[in-house]
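A.B. asks: final_32.txt (compact mmCIF, C-alpha atoms) pasted underneath:
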# COMPACT_ATOMS: atom_id res chain seq x y z
CA MET A 2 367.92 232.98 35.40
CA SER A 3 365.52 231.97 38.16
CA THR A 4 365.43 228.42 36.86
CA ALA A 5 369.21 228.14 36.96
CA GLU A 6 369.13 229.59 40.46
CA GLN A 7 366.72 226.96 41.64
CA THR A 8 368.74 224.15 40.10
CA ALA A 9 372.03 225.33 41.51
CA GLY A 10 370.70 226.55 44.82
CA GLY A 11 368.95 223.37 45.75
CA GLU A 12 366.11 225.41 47.19
CA ALA A 13 362.84 223.99 45.96
CA GLU A 14 360.88 227.20 46.40
CA PRO A 15 362.82 230.44 46.53
CA TRP A 16 360.57 233.28 47.71
CA GLY A 17 358.07 230.67 48.91
CA GLU A 18 357.45 232.92 51.91
CA VAL A 19 356.03 235.68 49.71
CA THR A 20 352.28 235.50 49.18
CA PRO A 21 350.03 235.90 47.30
CA ASP A 22 351.38 234.49 44.05
CA ALA A 23 351.19 237.89 42.29
CA ALA A 24 353.40 239.51 44.97
CA ARG A 25 355.94 236.69 44.57
CA ARG A 26 355.99 236.98 40.77
CA LEU A 27 356.63 240.71 41.06
CA LEU A 28 359.49 240.12 43.48
CA VAL A 29 361.13 237.58 41.17
CA ALA A 30 360.72 240.00 38.24
CA ALA A 31 362.26 242.81 40.31
CA VAL A 32 365.32 240.70 41.23
CA GLU A 33 365.91 239.86 37.57
CA ALA A 34 365.44 243.44 36.39
CA PHE A 35 367.67 244.93 39.12
CA ALA A 36 370.38 242.35 38.39
CA GLU A 37 370.32 242.97 34.65
CA ARG A 38 369.98 246.73 34.48
CA GLY A 39 370.63 247.99 38.00
CA TYR A 40 368.13 249.42 40.49
CA HIS A 41 368.21 252.99 39.18
CA ALA A 42 367.70 252.00 35.53
CA THR A 43 364.65 249.85 36.37
CA THR A 44 361.14 251.29 36.56
CA THR A 45 358.11 249.80 38.28
CA ARG A 46 356.62 249.61 34.78
CA ASP A 47 359.55 247.35 33.70
CA ILE A 48 358.96 245.10 36.69
CA ALA A 49 355.21 244.85 36.14
CA GLY A 50 355.84 244.08 32.44
CA ARG A 51 358.26 241.25 33.25
CA ALA A 52 355.71 239.77 35.62
CA GLY A 53 353.01 240.04 32.94
CA MET A 54 351.05 242.53 35.01
CA SER A 55 349.96 246.14 34.78
CA PRO A 56 351.62 248.94 36.77
CA ALA A 57 348.31 249.37 38.61
CA ALA A 58 348.41 245.71 39.67
CA LEU A 59 351.96 246.22 40.98
CA TYR A 60 350.86 249.10 43.24
CA ILE A 61 348.38 246.83 44.99
CA HIS A 62 351.35 244.91 46.39
CA TYR A 63 354.23 247.41 46.51
CA LYS A 64 353.89 251.17 46.87
CA THR A 65 357.35 252.01 45.56
CA LYS A 66 360.33 250.48 43.81
CA GLU A 67 362.29 250.90 47.03
CA GLU A 68 359.72 248.77 48.88
CA LEU A 69 360.52 245.94 46.45
CA LEU A 70 364.27 246.30 47.02
CA HIS A 71 363.74 246.47 50.77
CA ARG A 72 361.62 243.30 50.73
CA ILE A 73 364.22 241.45 48.60
CA SER A 74 367.05 242.59 50.84
CA ARG A 75 365.17 241.73 54.03
CA ILE A 76 364.29 238.21 52.87
CA GLY A 77 367.85 237.65 51.58
CA HIS A 78 369.43 238.76 54.84
CA ASP A 79 366.95 236.80 56.96
CA LYS A 80 367.86 233.68 54.98
CA ALA A 81 371.60 234.32 55.29
CA LEU A 82 371.24 234.78 59.04
CA ASP A 83 369.11 231.65 59.30
CA ILE A 84 371.76 229.58 57.48
CA LEU A 85 374.56 230.80 59.75
CA ARG A 86 372.51 230.47 62.96
CA THR A 87 371.70 226.86 62.12
CA ALA A 88 375.39 226.09 61.53
CA ALA A 89 376.58 228.02 64.59
CA GLY A 90 374.03 226.34 66.85
CA GLY A 91 374.77 222.83 65.61
CA GLU A 92 376.54 220.10 67.51
CA GLY A 93 380.22 219.33 67.01
CA SER A 94 383.49 221.16 67.42
CA ALA A 95 384.07 224.76 66.41
CA ALA A 96 385.90 223.47 63.32
CA GLU A 97 382.92 221.35 62.30
CA ARG A 98 380.49 224.21 62.85
CA LEU A 99 382.69 226.68 60.96
CA ALA A 100 383.07 224.27 58.04
CA ASP A 101 379.30 223.79 58.01
CA ALA A 102 378.65 227.55 58.17
CA VAL A 103 381.05 228.27 55.30
CA SER A 104 379.92 225.47 53.02
CA SER A 105 376.23 226.22 53.46
CA PHE A 106 376.77 229.99 53.10
CA VAL A 107 378.80 229.41 49.92
CA ARG A 108 376.18 227.07 48.46
CA TRP A 109 373.53 229.70 49.06
CA HIS A 110 375.59 232.46 47.42
CA ALA A 111 376.34 230.25 44.43
CA GLY A 112 372.79 229.04 44.05
CA ARG A 113 371.06 232.36 44.70
CA ARG A 114 373.74 234.55 43.15
CA THR A 115 371.37 236.87 41.27
CA THR A 116 369.53 237.72 44.46
CA ALA A 117 372.77 237.99 46.42
CA ARG A 118 374.25 240.45 43.92
CA VAL A 119 371.19 242.70 44.09
CA VAL A 120 371.18 242.53 47.88
CA GLN A 121 374.91 243.32 48.14
CA TYR A 122 375.42 245.86 45.37
CA GLU A 123 372.24 247.94 45.73
CA LEU A 124 372.47 248.52 49.48
CA ASP A 125 373.07 252.24 48.94
CA ALA A 126 369.73 252.57 47.15
CA LEU A 127 367.76 251.83 50.34
CA GLY A 128 366.34 254.73 52.34
CA PRO A 129 367.77 255.46 55.81
CA GLU A 130 365.24 253.40 57.78
CA ALA A 131 365.40 250.31 55.58
CA ARG A 132 369.17 250.61 55.45
CA ALA A 133 369.45 250.73 59.23
CA GLU A 134 367.30 247.61 59.53
CA ILE A 135 369.48 245.71 57.02
CA LEU A 136 372.71 246.87 58.65
CA ALA A 137 371.43 245.53 61.99
CA LEU A 138 370.87 242.13 60.32
CA ARG A 139 374.38 242.28 58.87
CA ARG A 140 375.81 242.82 62.34
CA GLN A 141 373.96 239.69 63.47
CA VAL A 142 375.37 237.74 60.50
CA ASP A 143 378.84 238.90 61.50
CA ALA A 144 378.22 237.95 65.15
CA GLU A 145 377.30 234.36 64.26
CA VAL A 146 380.58 233.72 62.44
CA ARG A 147 382.61 235.63 65.02
CA GLY A 148 380.97 233.52 67.75
CA ILE A 149 382.13 230.26 66.18
CA ILE A 150 385.67 231.59 65.77
CA GLU A 151 385.72 232.82 69.39
CA ASP A 152 384.53 229.40 70.55
CA GLY A 153 387.36 227.76 68.59
CA VAL A 154 389.95 230.12 70.06
CA ALA A 155 388.63 229.61 73.59
CA ALA A 156 388.72 225.82 73.15
CA GLY A 157 392.30 225.95 71.84
CA GLU A 158 391.12 224.57 68.48
CA PHE A 159 391.92 227.73 66.49
CA ASP A 160 394.91 230.06 66.38
CA VAL A 161 393.65 233.51 65.37
CA ALA A 162 395.45 236.80 65.97
CA ASP A 163 392.65 239.11 64.77
CA VAL A 164 389.20 237.59 65.32
CA GLN A 165 387.25 240.56 63.96
CA GLY A 166 389.40 240.85 60.83
CA THR A 167 389.31 237.11 60.20
CA THR A 168 385.51 237.09 60.56
CA LEU A 169 385.29 239.88 58.01
CA ALA A 170 387.54 237.97 55.59
CA VAL A 171 385.58 234.71 55.97
CA LEU A 172 382.27 236.43 55.24
CA SER A 173 383.78 238.39 52.36
CA LEU A 174 385.16 235.24 50.76
CA CYS A 175 381.74 233.57 50.89
CA ILE A 176 379.77 236.61 49.70
CA ASP A 177 382.02 237.19 46.68
CA VAL A 178 381.05 233.75 45.35
CA ALA A 179 377.89 235.49 44.10
CA ARG A 180 380.04 237.73 41.87
CA TRP A 181 382.16 235.08 40.14
CA PHE A 182 380.18 231.85 40.35
CA ASN A 183 379.17 230.55 36.93
CA ILE A 184 376.74 227.69 36.62
CA GLU A 185 378.57 226.62 33.46
CA GLY A 186 381.95 226.73 35.21
CA PRO A 187 383.96 223.70 36.32
CA ARG A 188 382.77 223.58 39.94
CA THR A 189 379.39 222.82 41.50
CA PRO A 190 378.17 224.88 44.49
CA ASP A 191 378.89 221.83 46.69
CA GLU A 192 382.48 221.62 45.43
CA VAL A 193 383.11 225.32 46.03
CA GLY A 194 381.57 224.93 49.50
CA ALA A 195 383.94 222.05 50.36
CA LEU A 196 387.00 223.88 48.99
CA TYR A 197 386.15 227.06 50.91
CA ALA A 198 385.47 225.20 54.17
CA ASP A 199 388.98 223.75 53.91
CA LEU A 200 390.53 227.15 53.12
CA VAL A 201 388.72 228.82 56.02
CA LEU A 202 389.86 226.15 58.48
CA ARG A 203 393.40 226.94 57.35
CA MET A 204 392.74 230.68 57.85
CA VAL A 205 391.78 230.10 61.48
CA GLY A 206 394.73 227.76 62.04
CA ALA A 207 392.47 224.83 62.92
CA ARG A 208 394.24 221.79 64.32
CA ARG A 209 393.70 218.82 62.08
CA PRO A 210 392.59 215.78 64.05
CA GLY A 211 395.50 213.41 64.48
CA THR A 212 398.03 215.44 62.50
CA GLY A 213 398.86 218.31 64.85
CA ARG A 214 398.36 221.91 63.78
CA GLY A 215 397.33 222.21 60.11
CA MET B 19 384.72 260.35 46.22
CA SER B 20 387.74 260.82 44.02
CA THR B 21 389.52 262.77 46.77
CA ALA B 22 388.97 259.96 49.26
CA GLU B 23 390.20 257.51 46.66
CA GLN B 24 393.41 259.42 46.16
CA THR B 25 394.03 259.72 49.88
CA ALA B 26 393.37 256.07 50.59
CA GLY B 27 394.91 254.72 47.43
CA GLY B 28 398.21 256.45 47.81
CA GLU B 29 398.29 257.00 44.08
CA ALA B 30 399.20 260.59 43.41
CA GLU B 31 397.57 260.76 40.00
CA PRO B 32 394.89 258.23 39.24
CA TRP B 33 394.06 258.23 35.50
CA GLY B 34 397.30 260.15 34.91
CA GLU B 35 397.75 258.09 31.76
CA VAL B 36 394.61 259.59 30.21
CA THR B 37 395.22 262.71 28.14
CA PRO B 38 394.23 265.38 27.33
CA ASP B 39 392.85 266.80 30.57
CA ALA B 40 389.28 266.94 29.21
CA ALA B 41 389.35 263.21 28.40
CA ARG B 42 390.58 262.48 31.93
CA ARG B 43 387.91 264.64 33.56
CA LEU B 44 385.23 262.82 31.58
CA LEU B 45 386.60 259.43 32.65
CA VAL B 46 386.60 260.43 36.32
CA ALA B 47 383.03 261.74 35.96
CA ALA B 48 381.97 258.47 34.29
CA VAL B 49 383.43 256.35 37.10
CA GLU B 50 381.56 258.39 39.70
CA ALA B 51 378.27 258.33 37.78
CA PHE B 52 378.46 254.58 37.04
CA ALA B 53 379.29 253.84 40.69
CA GLU B 54 376.43 255.96 42.03
CA ARG B 55 373.63 255.14 39.62
CA GLY B 56 374.84 252.14 37.62
CA TYR B 57 375.95 252.02 33.99
CA HIS B 58 372.48 251.65 32.50
CA ALA B 59 370.96 254.54 34.47
CA THR B 60 373.74 256.93 33.41
CA THR B 61 373.56 258.94 30.21
CA THR B 62 376.45 260.58 28.34
CA ARG B 63 374.65 263.86 29.14
CA ASP B 64 374.96 263.06 32.89
CA ILE B 65 378.67 262.38 32.47
CA ALA B 66 379.33 265.54 30.48
CA GLY B 67 377.38 267.56 33.06
CA ARG B 68 379.43 266.17 35.96
CA ALA B 69 382.62 267.08 34.10
CA GLY B 70 381.28 270.61 33.47
CA MET B 71 381.23 270.00 29.72
CA SER B 72 378.66 269.84 26.94
CA PRO B 73 377.53 266.53 25.39
CA ALA B 74 379.13 267.70 22.13
CA ALA B 75 382.47 268.12 23.91
CA LEU B 76 382.16 264.57 25.27
CA TYR B 77 381.75 263.13 21.78
CA ILE B 78 385.09 264.60 20.72
CA HIS B 79 386.75 262.17 23.16
CA TYR B 80 384.36 259.20 23.43
CA LYS B 81 381.91 258.06 20.78
CA THR B 82 379.69 256.06 23.10
CA LYS B 83 379.02 255.40 26.77
CA GLU B 84 380.36 251.88 26.24
CA GLU B 85 383.67 253.31 25.05
CA LEU B 86 384.01 255.08 28.41
CA LEU B 87 383.28 251.87 30.32
CA HIS B 88 385.70 249.95 28.13
CA ARG B 89 388.46 252.50 28.71
CA ILE B 90 387.87 252.46 32.49
CA SER B 91 387.85 248.67 32.57
CA ARG B 92 390.97 248.40 30.39
CA ILE B 93 392.99 250.83 32.51
CA GLY B 94 391.77 249.18 35.72
CA HIS B 95 392.72 245.70 34.56
CA ASP B 96 396.07 246.85 33.15
CA LYS B 97 396.87 248.35 36.54
CA ALA B 98 395.79 245.21 38.42
CA LEU B 99 397.94 243.07 36.15
CA ASP B 100 400.87 245.44 36.56
CA ILE B 101 400.64 245.25 40.37
CA LEU B 102 400.57 241.45 40.36
CA ARG B 103 403.34 241.11 37.75
CA THR B 104 405.62 243.33 39.81
CA ALA B 105 405.00 241.22 42.91
CA ALA B 106 405.29 237.89 41.08
CA GLY B 107 408.55 238.92 39.40
CA GLY B 108 410.15 240.22 42.58
CA GLU B 109 412.99 238.61 44.48
CA GLY B 110 412.43 236.46 47.53
CA SER B 111 410.63 233.24 48.34
CA ALA B 112 407.21 232.31 47.00
CA ALA B 113 405.77 233.24 50.40
CA GLU B 114 407.31 236.69 50.26
CA ARG B 115 406.11 237.25 46.70
CA LEU B 116 402.60 236.01 47.51
CA ALA B 117 402.40 238.26 50.58
CA ASP B 118 403.56 241.19 48.46
CA ALA B 119 401.04 240.41 45.69
CA VAL B 120 398.14 240.15 48.15
CA SER B 121 398.98 243.23 50.18
CA SER B 122 399.52 245.45 47.14
CA PHE B 123 396.41 244.10 45.38
CA VAL B 124 394.34 244.71 48.53
CA ARG B 125 395.69 248.24 48.95
CA TRP B 126 394.73 249.00 45.37
CA HIS B 127 391.20 247.63 45.78
CA ALA B 128 390.74 249.57 49.03
CA GLY B 129 392.15 252.78 47.65
CA ARG B 130 390.53 252.63 44.22
CA ARG B 131 387.32 250.93 45.34
CA THR B 132 384.93 253.07 43.31
CA THR B 133 386.77 252.23 40.10
CA ALA B 134 387.12 248.58 41.11
CA ARG B 135 383.39 248.25 41.74
CA VAL B 136 382.52 249.69 38.33
CA VAL B 137 385.08 247.45 36.65
CA GLN B 138 383.84 244.32 38.45
CA TYR B 139 380.08 244.84 38.53
CA GLU B 140 379.50 246.30 35.05
CA LEU B 141 381.44 243.68 33.09
CA ASP B 142 378.23 242.41 31.49
CA ALA B 143 377.57 245.84 29.97
CA LEU B 144 380.59 245.59 27.67
CA GLY B 145 380.08 244.52 24.04
CA PRO B 146 381.46 241.14 22.90
CA GLU B 147 384.80 242.44 21.61
CA ALA B 148 385.62 244.62 24.61
CA ARG B 149 384.48 241.85 26.92
CA ALA B 150 386.77 239.31 25.24
CA GLU B 151 389.73 241.68 25.63
CA ILE B 152 389.02 242.19 29.34
CA LEU B 153 388.50 238.47 29.95
CA ALA B 154 391.92 237.81 28.39
CA LEU B 155 393.45 240.29 30.86
CA ARG B 156 391.64 238.54 33.71
CA ARG B 157 393.15 235.21 32.67
CA GLN B 158 396.60 236.87 32.85
CA VAL B 159 395.80 238.23 36.33
CA ASP B 160 394.83 234.74 37.39
CA ALA B 161 398.01 233.27 35.86
CA GLU B 162 400.27 235.61 37.86
CA VAL B 163 398.84 234.49 41.20
CA ARG B 164 398.67 230.85 40.13
CA GLY B 165 402.33 231.04 39.09
CA ILE B 166 403.45 232.16 42.54
CA ILE B 167 401.43 229.41 44.20
CA GLU B 168 402.84 226.80 41.79
CA ASP B 169 406.37 228.03 42.56
CA GLY B 170 405.70 227.65 46.28
CA VAL B 171 404.33 224.13 45.85
CA ALA B 172 407.29 223.11 43.64
CA ALA B 173 409.74 224.50 46.21
CA GLY B 174 408.02 222.64 49.04
CA GLU B 175 407.13 225.95 50.68
CA PHE B 176 403.35 225.60 50.24
CA ASP B 177 400.94 222.75 50.79
CA VAL B 178 398.00 223.21 48.37
CA ALA B 179 395.59 220.49 47.26
CA ASP B 180 393.73 222.55 44.63
CA VAL B 181 395.97 225.22 43.05
CA GLN B 182 393.33 226.56 40.65
CA GLY B 183 390.64 226.78 43.33
CA THR B 184 392.99 228.39 45.82
CA THR B 185 394.09 230.96 43.21
CA LEU B 186 390.44 231.81 42.59
CA ALA B 187 389.79 232.22 46.31
CA VAL B 188 392.85 234.42 46.85
CA LEU B 189 391.85 236.77 44.02
CA SER B 190 388.22 236.79 45.15
CA LEU B 191 389.19 237.73 48.70
CA CYS B 192 391.27 240.68 47.45
CA ILE B 193 388.71 241.90 44.90
CA ASP B 194 385.84 241.89 47.42
CA VAL B 195 387.73 244.47 49.49
CA ALA B 196 386.34 247.00 47.00
CA ARG B 197 382.79 246.09 48.08
CA TRP B 198 383.15 246.39 51.84
CA PHE B 199 386.08 248.74 52.44
CA ASN B 200 385.06 251.95 54.17
CA ILE B 201 387.49 254.81 54.49
CA GLU B 202 385.82 255.71 57.80
CA GLY B 203 386.14 252.15 59.09
CA PRO B 204 388.63 250.94 61.69
CA ARG B 205 391.32 249.65 59.29
CA THR B 206 393.61 251.42 56.84
CA PRO B 207 394.30 249.87 53.42
CA ASP B 208 397.79 248.95 54.70
CA GLU B 209 396.35 247.15 57.72
CA VAL B 210 393.89 245.18 55.60
CA GLY B 211 396.74 244.33 53.22
CA ALA B 212 398.88 242.96 56.07
CA LEU B 213 395.98 240.99 57.58
CA TYR B 214 395.08 239.47 54.21
CA ALA B 215 398.69 238.57 53.37
CA ASP B 216 398.81 236.60 56.63
CA LEU B 217 395.47 234.88 55.95
CA VAL B 218 396.51 233.94 52.41
CA LEU B 219 399.81 232.44 53.61
CA ARG B 220 397.71 230.30 55.93
CA MET B 221 395.44 229.30 53.01
CA VAL B 222 398.42 227.98 51.04
CA GLY B 223 399.86 226.21 54.10
CA ALA B 224 403.06 228.26 54.00
CA ARG B 225 405.79 227.09 56.35
CA ARG B 226 406.61 229.76 58.86
CA PRO B 227 410.35 230.35 59.08
CA GLY B 228 411.72 228.69 62.19
CA THR B 229 408.39 227.39 63.51
CA GLY B 230 407.63 224.46 61.22
CA ARG B 231 404.45 224.35 59.15
CA GLY B 232 402.08 227.24 59.98
Could you spell out this file's structure in structure tokens?

C.D. replies:
Amino acid sequence: MSTAEQTAGGEAEPWGEVTPDAARRLLVAAVEAFAERGYHATTTRDIAGRAGMSPAALYIHYKTKEELLHRISRIGHDKALDILRTAAGGEGSAAERLADAVSSFVRWHAGRRTTARVVQYELDALGPEARAEILALRRQVDAEVRGIIEDGVAAGEFDVADVQGTTLAVLSLCIDVARWFNIEGPRTPDEVGALYADLVLRMVGARRPGTGRG
Amino acid sequence: MSTAEQTAGGEAEPWGEVTPDAARRLLVAAVEAFAERGYHATTTRDIAGRAGMSPAALYIHYKTKEELLHRISRIGHDKALDILRTAAGGEGSAAERLADAVSSFVRWHAGRRTTARVVQYELDALGPEARAEILALRRQVDAEVRGIIEDGVAAGEFDVADVQGTTLAVLSLCIDVARWFNIEGPRTPDEVGALYADLVLRMVGARRPGTGRG
């Protein structure tokens, strides 16, 4: 699963930020185990076994199973925020930045879908403190997309009646790619990214250059 | 959870088609347990306990845990297909039928979100035969929405470059409501349904009556 993720995601080194190597292997094993069996059905012993390590070796790096989920969720949300910040802060019109945000966010959800599913579906398993931290990151993710849409409205490029609701829908559309995307399906992550960028520009009523309102 | 679902879903009797009463209570208990802990972390003993019954009483109605998941998934997909068939077969223009399909599908996913999450996220836990049956229902769900979009394109009402991709995106947008919808959030299921119907009409480039292309 991790090999397919790397191929489709175009990220040379997922989890490259996690060191040492043993801590990274455990994190990859945890993502796979949580995705296959769910967080609650997975034990730290399962995770250590998948990583070819002993439970005692796991505890050197992670004190609890929740610490693993928290680390996975934190890294996943940091990456999502990073992708959207880069797109939002780029040059070009609001339409160009929104298309870039959507296509890169979609590519990431298609390529790293196993991680994305764990991050999205196991949110309730986090303790209150970790959960609050992740929810704060999610508000920042939301703010990046909302900011681009507000820029487009202010510039007269977009025609949006409900900015908050449209932001929610745009993010939801991109996130759900992780649920349905199939590496053996007919579309590559790049193709889904291009299709979704076009659909989102329609959602915000973007003017098409030279052809009047889309 | 089931009370909130009934309130938000507007369905007076969810699982009303399941008889006798004991079989229905077990199904409701299974949905709640699967949603909270995941399919693999739930035992038939847990489910019987939630329903206030003995494991032996459970086996009178369901031979395995998978049979419960299969039954839940079958009923959920039958209902989804029923909602979309009703909308697709209604009177009115393609735009009106698409708006009706989206708003009723969204309301159902908001109102019955616990069930929808189990149905969507635990698909891999079904055995090959049950899975094949559910995938056939999903192709029918897809065909209903695609049919409305094709009608709109043929009638010159819609402007869609990629009918299959747009169908996928429309369904994905509606299904993901089950992930994020919060009964304590700012929007009612009806409001989300209306917002999404508008966004989807934009996605298909529907002409707005009297104002030229939207």

A.B. asks: Got a sec to check which residues sit within 12 Å of (391.1, 253.4, 26.1), counting only C-alpha atoms, and write them as a count of residues only?

C.D. replies: 26

A.B. asks: Figure out the distance between CA of Leu191 in chain B and CA of Glu33 in chain A, please, to one decimal in Å.

C.D. replies: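 Atom-to-atom, CA of Glu33 in chain A to CA of Leu191 in chain B, that is 25.9 Å.
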
A.B. asks: Any idea which chain B residues end up within 6 Å of chain A if we count all atoms listed in the file, as a VMD selection string please?

C.D. replies: chain B and resid 55 to 56 58 to 59 191 217 220 to 221

A.B. asks: Restrict the selected residues to C-alpha atoms and save them as a PDB file, in the frame of the given file.

C.D. replies:
ATOM      1  CA  ARG B  55     373.630 255.140  39.620  1.00  0.00           C
ATOM      2  CA  GLY B  56     374.840 252.140  37.620  1.00  0.00           C
ATOM      3  CA  HIS B  58     372.480 251.650  32.500  1.00  0.00           C
ATOM      4  CA  ALA B  59     370.960 254.540  34.470  1.00  0.00           C
ATOM      5  CA  LEU B 191     389.190 237.730  48.700  1.00  0.00           C
ATOM      6  CA  LEU B 217     395.470 234.880  55.950  1.00  0.00           C
ATOM      7  CA  ARG B 220     397.710 230.300  55.930  1.00  0.00           C
ATOM      8  CA  MET B 221     395.440 229.300  53.010  1.00  0.00           C
TER       9      MET B 221
END

A.B. asks: Taking only C-alpha atoms into account, which of A:Val142, A:Ala49, A:Val120, A:Ile149 comes nearest Gly93 in chain A?

C.D. replies: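 Closest to Gly93 in chain A of all the choices is A:Ile149.
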
A.B. asks: Figure out the distance between CA of Leu144 in chain B and CA of Arg51 in chain A, please, to one decimal in Å.

C.D. replies: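 Between CA of Arg51 in chain A and CA of Leu144 in chain B the gap works out to 23.4 Å.
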
A.B. asks: Enter the distance from CA of Ser104 in chain A to CA of Ile150 in chain A, in Å, rounded to one decimal.

C.D. replies: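 These atoms are spaced 15.3 Å apart.
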